[in-house]
Amino acid sequence: MKNSKSVAFVREGMIDQQPAPASQIGAVRWLKDNLFSSVLNSILTIISLLVIFWVLSGIVPWMFGGVWNASSLSECRDILNERYGNTHYACWAVLTERWQQLLFGFYPAEEIWRAVVAFVLMLVAIAPVLFESVPRKLLWVTIAFPFLMVWLVWGGPIWGPLLVALGFVLFYVSYVVLERKSSTLLALIGSLVIGLVWWMFCVGPLSEALGSALPIGDLERVESRVLGGFMICVIIGLSGIALSLPIGLILALGRQSNLWVVKAICVGFIEFIRGVPLITLLFTASLLLNYFLPPGTAFDLTLRVIIMVTLFSSAYMAEVIRGGLAALPKGQYEAADALGLDYWQSQRLIIMPQALKISIPGIVNTFIGLFKDTTLVMFIGIFDMLGLSNAIRANSAWNGINWELYIFIGLVFWICCFSMSQYSQWLERKLRTGHH
Amino acid sequence: MSAELQNHLADEVAIQITNMNKWYGDFHVLRDINLTVQRGERIVIAGPSGSGKSTMIRCINRLEEHQKGQIVVDGTELSSDLKNIDKIRREVGMCFQHFNLFPHLTILENCTLAPMWVRKTPKKEAEELAMHFLEKVKIPDQANKYPGMLSGGQQQRVAIARSLCMQPRIMLFDEPTSALDPEMIKEVLDTMVTLADEGMTMLCVTHEMGFARQVADRVIFMDQGQIVEQNEPEEFFNNPKSDRTKLFLSQILGH
Ligand SMILES: Nc1ncnc2c1ncn2[C@@H]1O[C@H](COP(=O)(O)OP(=O)(O)O)[C@@H](O)[C@H]1O
Ligand SMILES: [Mg+2]
């Protein structure tokens, strides 16, 4: 054994890949690792299983033994007594009877088709925004949707929304024309003034005149106060989401600005809004705003609420995006500068795509928060689903019913919020460009 | 001097830095820098860490602002005038220590972005140009990958190609090989040598002394924000004049 002391070593053949031993893979391994890895863990596993079983054995019969057809709580209880001899079962009949109200509030029954059409259009409109594989032509629906939605939901001749939309075209055209003659900033201010004048002073009289001269597409008017249920949450939530992202983006950029005034305004706004509870802003919207506006202006309550909700979440959005901006290495700005891109080009092409990608979880978090916060409108007299559940309970037929309504409302919100969170995770995976 | 001659001379001078000073707050980071770079000249800048090398070359394309003195690039003076800054940045390419590729864009998109948006080159033409330069840095087959999938050396070569796509007349390099593993340094240096051989005006901050000997027309040694010594490479390495230079050279070549 002379060689055994030598340090020299040369491998003669390379070792091929080999499969892992059977006991180390598959279900057996999983059970062992995750549930029964030690005596203590085994005991905990068994206790947990017992608890889960106990909870489910209470809930499952209650849910699946429930009554779906009855016209009041007492009728419901009679059926249950007859069937089981007790009333420890759900009474889903309230949903069968009142689902329309929960979804659409007090929207006139014969006009509900309009709300449904608007909802379907909404799905078509957001599809191309969410998924790249959807034909780009559908973006036209997205652009037209806000105006169509207003027309469908609130009714009246089509001229009002059409003229408002025309204002955007006017704004854009005047921007393009002015930009050729002066600087970007001046063009922006000028076209903004033109747009505002159009919206404030021309749209009203014009739409009235056109409405009486050419009553095209004159849908029956529906007042804002009869809007309610899930529908109002979607209207407020979606408008808030769609508006708070761009506003938050501008605020985040403004907060980074070198111009002291711009920066001060943005910081002031963000810090003010973040320091005030949303409910305060909503009360302001419902009560105070009317004092400030010139008398006689009937500024729609829904619109006021949308403005407040948007302002509220855009402040949070700005902070989320600022986090994304801060996470970008300085080298990205420098590379963009060194290549000669100007400020807006580098923001749009280099900085924002990356900052927004980093911020996706935070952005979606804000969206989900905003959507759930729409239930707060109940406190200013808008009948969202929670408000309606109170109204339904106030009716003598359903007095005393709780769980069934809350479970339904919770389920509707959960479906919406869970879809948003799943979408955000999918998007994050899709945008990952690192190591394969 | 006649105006014509003056013009001619100005055309020969790529970069003219006169009495340039810069401060970070109270810290006097660049002190009285004077430097003239002829067109086609290759200059290597060396010096200890923190001596202001990066700051100096970053002043040339206005990534940093100088506070006193004058910088003229390609006959255009750098001032706060945005038009001049834009003009100079189109003519001056830059490569960074950490590549700074855009991770959300493919290699090809990294290369076509600036030509398309700054020079308004049509997409197809920009792509042909990009492929031309990617071939030159020997990675045309990676064009549709993302930067995160490439090795450091490949990324730095893409960064060089990206700058070249703007067809600059001057290239700045800030320690292009310091973040690379040893086996990748050569591929990047080879690319830079090719570029130098084609007559590109180059300013390289680097500690690769072999590269300096091979391609540099002049080596500049900086310390404490000042140009301490400059000379032709052979003279600079074999016969350094200042004590600081000697100390520095003994430190980087000594082991
Ligand atoms: N943004 C900055 N603010 C303050 N000091 C800085 C900044 N950037 C660099 N410095 C300082 O300036 C000096 C020169 O930096 P730099 O040009 O990066 O040196 P080098 O590239 O030669 O290593 C260093 O002392 C550094 O700490
Ligand atoms: Mg440096």
# chains A, B, ... in the order shown; residues from 1 in each chain; ligands from 1
call {"tool": "residues_near_ligand", "arguments": {"ligand": "ligand 1", "cutoff": "10 Å", "atoms": "only C-alpha atoms and all ligand atoms", "output": "PyMOL selection string"}}
result
chain B and resi 22-30+45-59+64+174-175+205-206+222-225
call {"tool": "interface_residues", "arguments": {"of": "chain A", "to": "chain B", "cutoff": "6 Å", "atoms": "only C-alpha atoms", "output": "PyMOL selection string"}}
result
chain A and resi 331-332+338+340+434-435
call {"tool": "residues_around", "arguments": {"residues": "B:Met209", "least_positions_apart": "2", "cutoff": "10 Å", "atoms": "only C-alpha atoms", "output": "ChimeraX atom specification"}}
result
/B:44,46,206-207,211-214,216,219,233,237,249,252-253
call {"tool": "closest_residue", "arguments": {"among": "A:Gly229, A:Gly160, A:Gly65, A:Gly190", "to": "A:Gly387", "atoms": "only C-alpha atoms"}}
result
A:Gly229
call {"tool": "select_by_dssp", "arguments": {"residues": "stretch 83-228 of chain B", "states": "strand (DSSP E)", "output": "VMD selection string"}}
result
chain B and resid 92 to 95 170 to 174 201 to 205 218 to 223 226 to 228
call {"tool": "atom_distance", "arguments": {"atom1": "atom CA of A:Asn34", "atom2": "atom CA of A:Leu50"}}
result
17.2 Å
call {"tool": "closest_residue", "arguments": {"among": "B:Ala179, B:Ile17, B:Leu78, B:Leu189", "to": "ligand 2", "atoms": "only C-alpha atoms and all ligand atoms"}}
result
B:Ala179
call {"tool": "select_by_dssp", "arguments": {"residues": "stretch 229-401 of chain A", "states": "alpha helix (DSSP H)", "output": "ChimeraX atom specification"}}
result
/A:229-255,260-274,278-283,289-292,301-327,330-338,343-346,352-373,385-394
call {"tool": "atom_distance", "arguments": {"atom1": "atom CA of A:Tyr89", "atom2": "atom CA of A:Ser396"}}
result
20.1 Å
call {"tool": "residues_around", "arguments": {"residues": "B:Leu203", "least_positions_apart": "2", "cutoff": "7 Å", "atoms": "only C-alpha atoms", "output": "ChimeraX atom specification"}}
result
/B:42-44,171-173,205
call {"tool": "closest_residue", "arguments": {"among": "A:Ile401, A:Val55, A:Val164, A:Leu386", "to": "A:Asp373", "atoms": "only C-alpha atoms"}}
result
A:Leu386
call {"tool": "residues_around", "arguments": {"residues": "A:Met308", "least_positions_apart": "6", "cutoff": "8 Å", "atoms": "only C-alpha atoms", "output": "ChimeraX atom specification"}}
result
/A:281-282,285
call {"tool": "write_last_selection", "arguments": {"atoms": "N, CA, C and O atoms", "output": "tab-separated table (two decimals), in the first residue's frame"}}
result
chain	number	residue	atom	x	y	z
A	281	LEU	N	-62.89	61.53	3.71
A	281	LEU	CA	-62.96	62.06	2.35
A	281	LEU	C	-64.34	61.81	1.76
A	281	LEU	O	-64.88	62.65	1.03
A	282	LEU	N	-64.91	60.64	2.08
A	282	LEU	CA	-66.23	60.33	1.51
A	282	LEU	C	-67.30	61.25	2.09
A	282	LEU	O	-68.18	61.72	1.36
A	285	ALA	N	-67.03	64.36	0.37
A	285	ALA	CA	-67.64	64.27	-0.96
A	285	ALA	C	-69.15	64.41	-0.86
A	285	ALA	O	-69.77	65.09	-1.67
call {"tool": "atom_distance", "arguments": {"atom1": "atom CA of B:Gln156", "atom2": "atom CA of B:Gly210"}}
result
19.0 Å
call {"tool": "residues_around", "arguments": {"residues": "B:Val137", "least_positions_apart": "5", "cutoff": "7 Å", "atoms": "only C-alpha atoms", "output": "ChimeraX atom specification"}}
result
/B:157,161,191
call {"tool": "closest_residue", "arguments": {"among": "B:Thr194, B:Gln251, B:Gln226, B:Ser178", "to": "ligand 2", "atoms": "only C-alpha atoms and all ligand atoms"}}
result
B:Ser178
